[in-house]
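K.L.:
One structure coming up, written as structure tokens, with questions to follow.
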Amino acid sequence: EDKVVQSPLSLVVHEGDTVTLNCSYEVTNFRSLLWYKQEKKAPTFLFMLTSSGIEKKSGRLSSILDKKELFSILNITATQTGDSAIYLCAVEARGSGGSNYKLTFGKGTLLTVNP
Amino acid sequence: DGGITQSPKYLFRKEGQNVTLSCEQNLNHDAMYWYRQDPGQGLRLIYYSQIVNDFQKGDIAEGYSVSREKKESFPLTVTSAQKNPTAFYLCASSIIKGEREKLFFGSGTQLSVL
């Protein structure tokens, strides 16, 4: 069974702090790892990672994948109150017997940024 | 604007009642998905469909049913067989090829049992 484990499950920081969110996985036939931000209701896409060691960056957010050690981190620098959200990690892998690819989500990290 | 519309935002179910959650997309996406989100849990896949008139069970399909009669629509019925239906339900869609992994989500439906 595919597993995706995120840590920490929740985190409280002050504005301006830098945070690192972790995502480790155990899947067969890995294809990609994705990060989503869920502020109120609908998760929105942040990054998709397929290759080890290549950092994806968007403003103050960045993410990197280590396919050897089977984990990814999401960094947020100079946090703002608007960064408060649940951050979801998902891994896409092909099912057994060559069946369709499927996404497995972690439980998410609830980030709270206080002013 | 293109997007995914879920309705209603809030839904209450009585014991023994079937309820249907609506999901409509105008993104011309082939694939549509239903996820369930419980507090402290990740998103769990209920059903998905990659083509009209075809759908597959996800990890927690028991007590749910779907249909895909039109490309734009993928309604989810929570049947009376689902004994613990209280949860947040998210519908999503994606293209099949290329950037298939980029799911686009609706705003969700919160289902509660009376």
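Labels used: A, B, ... for chains in the order of the structure tokens, numbers from 1 for residues in each chain, and numbers from 1 for ligands as shown.
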What residues in chain B lie within 8 Å of chain A, counting only C-alpha atoms, written as a PDB file with N, CA, C and O atoms, in the first residue's frame?

P.N.:
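So out.pdb came out as:
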ATOM      1  N   GLY B  40      -7.712  15.773  10.337  1.00  0.00           N
ATOM      2  CA  GLY B  40      -6.539  14.985  10.689  1.00  0.00           C
ATOM      3  C   GLY B  40      -6.223  13.869   9.717  1.00  0.00           C
ATOM      4  O   GLY B  40      -5.293  13.086   9.952  1.00  0.00           O
ATOM      5  N   GLN B  41      -6.983  13.767   8.644  1.00  0.00           N
ATOM      6  CA  GLN B  41      -6.736  12.742   7.633  1.00  0.00           C
ATOM      7  C   GLN B  41      -6.396  13.414   6.315  1.00  0.00           C
ATOM      8  O   GLN B  41      -6.786  14.539   6.067  1.00  0.00           O
ATOM      9  N   GLY B  42      -5.700  12.671   5.477  1.00  0.00           N
ATOM     10  CA  GLY B  42      -5.449  13.184   4.137  1.00  0.00           C
ATOM     11  C   GLY B  42      -6.683  13.040   3.274  1.00  0.00           C
ATOM     12  O   GLY B  42      -7.716  12.539   3.721  1.00  0.00           O
ATOM     13  N   LEU B  43      -6.576  13.466   2.035  1.00  0.00           N
ATOM     14  CA  LEU B  43      -7.674  13.266   1.083  1.00  0.00           C
ATOM     15  C   LEU B  43      -7.680  11.796   0.672  1.00  0.00           C
ATOM     16  O   LEU B  43      -6.641  11.234   0.306  1.00  0.00           O
ATOM     17  N   ARG B  44      -8.859  11.207   0.722  1.00  0.00           N
ATOM     18  CA  ARG B  44      -8.972   9.802   0.321  1.00  0.00           C
ATOM     19  C   ARG B  44      -9.891   9.699  -0.887  1.00  0.00           C
ATOM     20  O   ARG B  44     -10.970  10.287  -0.908  1.00  0.00           O
ATOM     21  N   LEU B  90     -14.551  16.791  -1.641  1.00  0.00           N
ATOM     22  CA  LEU B  90     -13.930  17.608  -2.682  1.00  0.00           C
ATOM     23  C   LEU B  90     -14.004  16.889  -4.019  1.00  0.00           C
ATOM     24  O   LEU B  90     -13.675  15.711  -4.136  1.00  0.00           O
ATOM     25  N   GLU B 101      -1.239  15.507 -13.553  1.00  0.00           N
ATOM     26  CA  GLU B 101      -1.167  15.500 -12.111  1.00  0.00           C
ATOM     27  C   GLU B 101      -1.734  16.762 -11.493  1.00  0.00           C
ATOM     28  O   GLU B 101      -2.019  16.809 -10.308  1.00  0.00           O
ATOM     29  N   LYS B 102      -1.870  17.804 -12.270  1.00  0.00           N
ATOM     30  CA  LYS B 102      -2.370  19.053 -11.705  1.00  0.00           C
ATOM     31  C   LYS B 102      -3.878  18.960 -11.575  1.00  0.00           C
ATOM     32  O   LYS B 102      -4.618  19.287 -12.485  1.00  0.00           O
ATOM     33  N   LEU B 103      -4.308  18.527 -10.421  1.00  0.00           N
ATOM     34  CA  LEU B 103      -5.731  18.487 -10.140  1.00  0.00           C
ATOM     35  C   LEU B 103      -6.255  19.886  -9.879  1.00  0.00           C
ATOM     36  O   LEU B 103      -5.612  20.680  -9.209  1.00  0.00           O
ATOM     37  N   PHE B 104      -7.423  20.169 -10.414  1.00  0.00           N
ATOM     38  CA  PHE B 104      -8.127  21.407 -10.100  1.00  0.00           C
ATOM     39  C   PHE B 104      -9.300  21.023  -9.205  1.00  0.00           C
ATOM     40  O   PHE B 104     -10.075  20.141  -9.557  1.00  0.00           O
ATOM     41  N   PHE B 105      -9.405  21.675  -8.076  1.00  0.00           N
ATOM     42  CA  PHE B 105     -10.404  21.305  -7.083  1.00  0.00           C
ATOM     43  C   PHE B 105     -11.567  22.277  -7.065  1.00  0.00           C
ATOM     44  O   PHE B 105     -11.411  23.474  -7.307  1.00  0.00           O
ATOM     45  N   GLY B 106     -12.746  21.752  -6.720  1.00  0.00           N
ATOM     46  CA  GLY B 106     -13.875  22.601  -6.392  1.00  0.00           C
ATOM     47  C   GLY B 106     -13.751  23.095  -4.960  1.00  0.00           C
ATOM     48  O   GLY B 106     -12.793  22.756  -4.250  1.00  0.00           O
ATOM     49  N   SER B 107     -14.734  23.875  -4.525  1.00  0.00           N
ATOM     50  CA  SER B 107     -14.679  24.476  -3.186  1.00  0.00           C
ATOM     51  C   SER B 107     -15.223  23.567  -2.102  1.00  0.00           C
ATOM     52  O   SER B 107     -15.201  23.928  -0.929  1.00  0.00           O
ATOM     53  N   GLY B 108     -15.737  22.423  -2.478  1.00  0.00           N
ATOM     54  CA  GLY B 108     -16.113  21.426  -1.493  1.00  0.00           C
ATOM     55  C   GLY B 108     -17.547  21.507  -1.009  1.00  0.00           C
ATOM     56  O   GLY B 108     -18.215  22.536  -1.117  1.00  0.00           O
TER      57      GLY B 108
END

K.L.:
For Cys23 of chain B, please output as a VMD selection string all residues within 6 Å (counting only C-alpha atoms; exclusion window: fewer than 5 positions along the same chain).

P.N.:
chain B and resid 5 to 6 73 to 75

K.L.:
The selected residues should be written to file as a PDB file, in the first residue's frame (atoms: N, CA, C and O atoms).

P.N.:
ATOM      1  N   THR B   5     -17.443  23.648 -10.107  1.00  0.00           N
ATOM      2  CA  THR B   5     -18.476  24.127  -9.197  1.00  0.00           C
ATOM      3  C   THR B   5     -19.082  22.960  -8.451  1.00  0.00           C
ATOM      4  O   THR B   5     -19.575  22.009  -9.056  1.00  0.00           O
ATOM      5  N   GLN B   6     -19.018  23.050  -7.145  1.00  0.00           N
ATOM      6  CA  GLN B   6     -19.645  22.039  -6.300  1.00  0.00           C
ATOM      7  C   GLN B   6     -20.843  22.663  -5.591  1.00  0.00           C
ATOM      8  O   GLN B   6     -20.795  23.808  -5.146  1.00  0.00           O
ATOM      9  N   SER B  73     -20.054  16.641 -15.892  1.00  0.00           N
ATOM     10  CA  SER B  73     -20.742  16.409 -14.629  1.00  0.00           C
ATOM     11  C   SER B  73     -20.363  15.068 -14.019  1.00  0.00           C
ATOM     12  O   SER B  73     -20.297  14.052 -14.715  1.00  0.00           O
ATOM     13  N   PHE B  74     -20.163  15.065 -12.700  1.00  0.00           N
ATOM     14  CA  PHE B  74     -19.768  13.828 -12.004  1.00  0.00           C
ATOM     15  C   PHE B  74     -20.407  13.839 -10.614  1.00  0.00           C
ATOM     16  O   PHE B  74     -19.740  14.044  -9.606  1.00  0.00           O
ATOM     17  N   PRO B  75     -21.699  13.600 -10.525  1.00  0.00           N
ATOM     18  CA  PRO B  75     -22.366  13.663  -9.210  1.00  0.00           C
ATOM     19  C   PRO B  75     -22.030  12.459  -8.336  1.00  0.00           C
ATOM     20  O   PRO B  75     -21.835  11.340  -8.821  1.00  0.00           O
TER      21      PRO B  75
END

K.L.:
Skipping near chain neighbours, those fewer than 4 positions away, what residues fall within 10 Å of segment 7-19 of chain B using only C-alpha atoms, listed as a ChimeraX atom specification?

P.N.:
/A:41 /B:23-24,63-64,75-83,85-86,88-89,106-114

K.L.:
Based on the selection just made, write N, CA and C atoms of those residues as an mmCIF file, in the first residue's frame.

P.N.:
data_model
loop_
_atom_site.group_PDB
_atom_site.id
_atom_site.type_symbol
_atom_site.label_atom_id
_atom_site.label_comp_id
_atom_site.auth_asym_id
_atom_site.auth_seq_id
_atom_site.Cartn_x
_atom_site.Cartn_y
_atom_site.Cartn_z
ATOM 1 N N LYS A 41 -11.134 26.227 1.322
ATOM 2 C CA LYS A 41 -11.821 25.018 0.905
ATOM 3 C C LYS A 41 -11.081 24.274 -0.199
ATOM 4 N N CYS B 23 -21.212 18.107 -8.911
ATOM 5 C CA CYS B 23 -19.905 18.599 -9.348
ATOM 6 C C CYS B 23 -19.965 18.834 -10.853
ATOM 7 N N GLU B 24 -19.715 20.066 -11.249
ATOM 8 C CA GLU B 24 -19.738 20.443 -12.660
ATOM 9 C C GLU B 24 -18.436 21.167 -12.999
ATOM 10 N N GLY B 63 -20.491 2.460 0.083
ATOM 11 C CA GLY B 63 -21.496 3.400 0.575
ATOM 12 C C GLY B 63 -21.691 4.610 -0.317
ATOM 13 N N TYR B 64 -20.962 4.646 -1.422
ATOM 14 C CA TYR B 64 -21.065 5.755 -2.371
ATOM 15 C C TYR B 64 -21.377 5.224 -3.763
ATOM 16 N N PRO B 75 -21.699 13.600 -10.525
ATOM 17 C CA PRO B 75 -22.366 13.663 -9.210
ATOM 18 C C PRO B 75 -22.030 12.459 -8.336
ATOM 19 N N LEU B 76 -21.981 12.709 -7.053
ATOM 20 C CA LEU B 76 -21.693 11.673 -6.057
ATOM 21 C C LEU B 76 -22.914 11.483 -5.172
ATOM 22 N N THR B 77 -23.377 10.249 -5.045
ATOM 23 C CA THR B 77 -24.477 9.944 -4.135
ATOM 24 C C THR B 77 -23.931 9.245 -2.897
ATOM 25 N N VAL B 78 -24.257 9.801 -1.752
ATOM 26 C CA VAL B 78 -23.893 9.184 -0.484
ATOM 27 C C VAL B 78 -25.111 8.391 -0.040
ATOM 28 N N THR B 79 -25.003 7.086 -0.048
ATOM 29 C CA THR B 79 -26.166 6.247 0.225
ATOM 30 C C THR B 79 -26.307 5.991 1.724
ATOM 31 N N SER B 80 -27.425 5.413 2.091
ATOM 32 C CA SER B 80 -27.674 5.094 3.498
ATOM 33 C C SER B 80 -26.712 4.014 3.994
ATOM 34 N N ALA B 81 -26.051 3.326 3.080
ATOM 35 C CA ALA B 81 -25.079 2.299 3.473
ATOM 36 C C ALA B 81 -23.785 2.901 4.010
ATOM 37 N N GLN B 82 -23.570 4.192 3.763
ATOM 38 C CA GLN B 82 -22.384 4.863 4.287
ATOM 39 C C GLN B 82 -22.702 5.286 5.719
ATOM 40 N N LYS B 83 -22.138 4.585 6.683
ATOM 41 C CA LYS B 83 -22.530 4.759 8.089
ATOM 42 C C LYS B 83 -21.887 5.970 8.750
ATOM 43 N N PRO B 85 -20.976 9.323 7.212
ATOM 44 C CA PRO B 85 -20.824 10.199 6.054
ATOM 45 C C PRO B 85 -20.340 11.612 6.372
ATOM 46 N N THR B 86 -20.317 11.988 7.631
ATOM 47 C CA THR B 86 -19.930 13.359 7.970
ATOM 48 C C THR B 86 -18.488 13.600 7.579
ATOM 49 N N PHE B 88 -15.887 16.395 4.705
ATOM 50 C CA PHE B 88 -15.785 17.428 3.672
ATOM 51 C C PHE B 88 -15.478 16.711 2.362
ATOM 52 N N TYR B 89 -16.296 16.953 1.344
ATOM 53 C CA TYR B 89 -16.146 16.247 0.075
ATOM 54 C C TYR B 89 -15.626 17.205 -0.993
ATOM 55 N N GLY B 106 -12.746 21.752 -6.720
ATOM 56 C CA GLY B 106 -13.875 22.601 -6.392
ATOM 57 C C GLY B 106 -13.751 23.095 -4.960
ATOM 58 N N SER B 107 -14.734 23.875 -4.525
ATOM 59 C CA SER B 107 -14.679 24.476 -3.186
ATOM 60 C C SER B 107 -15.223 23.567 -2.102
ATOM 61 N N GLY B 108 -15.737 22.423 -2.478
ATOM 62 C CA GLY B 108 -16.113 21.426 -1.493
ATOM 63 C C GLY B 108 -17.547 21.507 -1.009
ATOM 64 N N THR B 109 -18.011 20.390 -0.465
ATOM 65 C CA THR B 109 -19.309 20.298 0.198
ATOM 66 C C THR B 109 -19.105 19.692 1.567
ATOM 67 N N GLN B 110 -19.582 20.376 2.604
ATOM 68 C CA GLN B 110 -19.532 19.828 3.968
ATOM 69 C C GLN B 110 -20.833 19.085 4.234
ATOM 70 N N LEU B 111 -20.728 17.778 4.419
ATOM 71 C CA LEU B 111 -21.901 16.945 4.690
ATOM 72 C C LEU B 111 -21.942 16.592 6.167
ATOM 73 N N SER B 112 -23.091 16.791 6.768
ATOM 74 C CA SER B 112 -23.273 16.463 8.180
ATOM 75 C C SER B 112 -24.522 15.617 8.349
ATOM 76 N N VAL B 113 -24.504 14.778 9.362
ATOM 77 C CA VAL B 113 -25.650 13.917 9.652
ATOM 78 C C VAL B 113 -26.491 14.534 10.747
ATOM 79 N N LEU B 114 -27.806 14.606 10.536
ATOM 80 C CA LEU B 114 -28.696 15.169 11.560
ATOM 81 C C LEU B 114 -28.955 14.134 12.648
#

K.L.:
Extract the full set of strand (DSSP E) residues from segment 19-95 of chain A according to DSSP on the backbone, and format it as number ranges by chain.

P.N.:
A: 19-26, 30-38, 44-49, 56-58, 61-66, 71-76, 85-94

K.L.:
Which residues come within 9 Å of Ile46 of chain B, counting only C-alpha atoms, excluding same-chain residues fewer than 3 positions away, as a ChimeraX atom specification?

P.N.:
/B:33-36,56-62,64-65

K.L.:
With N, CA and C atoms retained, write the just-selected residues as a PDB file, in the first residue's frame.

P.N.:
ATOM      1  N   TYR B  33     -12.749  13.391 -10.250  1.00  0.00           N
ATOM      2  CA  TYR B  33     -12.462  12.616  -9.037  1.00  0.00           C
ATOM      3  C   TYR B  33     -13.329  13.115  -7.889  1.00  0.00           C
ATOM      4  N   TRP B  34     -13.613  12.209  -6.973  1.00  0.00           N
ATOM      5  CA  TRP B  34     -14.221  12.593  -5.699  1.00  0.00           C
ATOM      6  C   TRP B  34     -13.302  12.148  -4.565  1.00  0.00           C
ATOM      7  N   TYR B  35     -13.011  13.111  -3.670  1.00  0.00           N
ATOM      8  CA  TYR B  35     -12.219  12.836  -2.484  1.00  0.00           C
ATOM      9  C   TYR B  35     -13.027  13.148  -1.240  1.00  0.00           C
ATOM     10  N   ARG B  36     -12.696  12.440  -0.184  1.00  0.00           N
ATOM     11  CA  ARG B  36     -13.270  12.726   1.128  1.00  0.00           C
ATOM     12  C   ARG B  36     -12.147  13.216   2.027  1.00  0.00           C
ATOM     13  N   GLN B  56     -14.257   4.259 -11.938  1.00  0.00           N
ATOM     14  CA  GLN B  56     -13.604   3.220 -11.148  1.00  0.00           C
ATOM     15  C   GLN B  56     -13.683   3.559  -9.674  1.00  0.00           C
ATOM     16  N   LYS B  57     -13.705   2.518  -8.851  1.00  0.00           N
ATOM     17  CA  LYS B  57     -13.680   2.713  -7.412  1.00  0.00           C
ATOM     18  C   LYS B  57     -12.311   3.180  -6.974  1.00  0.00           C
ATOM     19  N   GLY B  58     -12.327   4.056  -5.974  1.00  0.00           N
ATOM     20  CA  GLY B  58     -11.097   4.457  -5.330  1.00  0.00           C
ATOM     21  C   GLY B  58     -10.859   3.610  -4.092  1.00  0.00           C
ATOM     22  N   ASP B  59     -10.246   4.218  -3.085  1.00  0.00           N
ATOM     23  CA  ASP B  59      -9.876   3.467  -1.891  1.00  0.00           C
ATOM     24  C   ASP B  59     -11.029   3.266  -0.909  1.00  0.00           C
ATOM     25  N   ILE B  60     -12.041   4.138  -0.962  1.00  0.00           N
ATOM     26  CA  ILE B  60     -13.115   4.076   0.040  1.00  0.00           C
ATOM     27  C   ILE B  60     -14.475   4.208  -0.635  1.00  0.00           C
ATOM     28  N   ALA B  61     -14.750   3.372  -1.625  1.00  0.00           N
ATOM     29  CA  ALA B  61     -15.964   3.513  -2.430  1.00  0.00           C
ATOM     30  C   ALA B  61     -17.232   2.986  -1.753  1.00  0.00           C
ATOM     31  N   GLU B  62     -17.082   2.172  -0.723  1.00  0.00           N
ATOM     32  CA  GLU B  62     -18.259   1.552  -0.116  1.00  0.00           C
ATOM     33  C   GLU B  62     -19.208   2.596   0.459  1.00  0.00           C
ATOM     34  N   TYR B  64     -20.962   4.646  -1.422  1.00  0.00           N
ATOM     35  CA  TYR B  64     -21.065   5.755  -2.371  1.00  0.00           C
ATOM     36  C   TYR B  64     -21.377   5.224  -3.763  1.00  0.00           C
ATOM     37  N   SER B  65     -21.973   6.086  -4.584  1.00  0.00           N
ATOM     38  CA  SER B  65     -22.153   5.758  -5.995  1.00  0.00           C
ATOM     39  C   SER B  65     -21.986   7.018  -6.828  1.00  0.00           C
TER      40      SER B  65
END

K.L.:
Quick check for you: according to DSSP on this backbone, which residues of segment 55-104 of chain A are classed as helix (DSSP H, G or I)? Reply as a list in words.

P.N.:
Thr81, Gly82, Asp83, Ser96, Gly97 and Gly98 of chain A

K.L.:
Write a file of the selected residues as a compact mmCIF listing (two decimals), in the first residue's frame, keeping C-alpha atoms.

P.N.:
# COMPACT_ATOMS: atom_id res chain seq x y z
CA THR A 81 -0.17 35.62 7.85
CA GLY A 82 -1.50 34.84 4.38
CA ASP A 83 0.65 31.70 4.34
CA SER A 96 0.13 -2.73 -9.41
CA GLY A 97 -0.19 -4.69 -12.63
CA GLY A 98 0.32 -1.61 -14.75

K.L.:
Considering only C-alpha atoms, state which residue in the set A:Asn114, A:Ala85, A:Thr77, A:Lys67 is at the smallest distance from Asn29 of chain A.

P.N.:
A:Lys67

K.L.:
Can you pull out every residue within 8 Å of Ile54 of chain A, counting only C-alpha atoms, but drop anything in the same chain fewer than 2 positions away, and send it as a list in words?

P.N.:
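In the requested format, the answer is Ser51, Ser52, Lys56, Ile64 and Leu65 of chain A.
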
K.L.:
Next, the residues of the selection above should be written as a CSV table (one decimal), in the first residue's frame with N, CA and C atoms.

P.N.:
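Ended up saving to result-v2.csv:
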chain,number,residue,atom,x,y,z
A,51,SER,N,12.1,15.2,-10.7
A,51,SER,CA,13.5,14.8,-10.7
A,51,SER,C,14.2,15.2,-9.4
A,52,SER,N,15.1,14.4,-9.0
A,52,SER,CA,15.9,14.7,-7.7
A,52,SER,C,16.7,15.9,-7.9
A,56,LYS,N,12.3,23.7,-7.2
A,56,LYS,CA,11.3,24.5,-7.8
A,56,LYS,C,11.0,25.7,-6.9
A,64,ILE,N,12.0,20.8,-3.0
A,64,ILE,CA,13.0,20.0,-3.6
A,64,ILE,C,12.7,18.5,-3.3
A,65,LEU,N,13.1,17.7,-4.2
A,65,LEU,CA,12.8,16.2,-4.1
A,65,LEU,C,14.1,15.4,-4.0
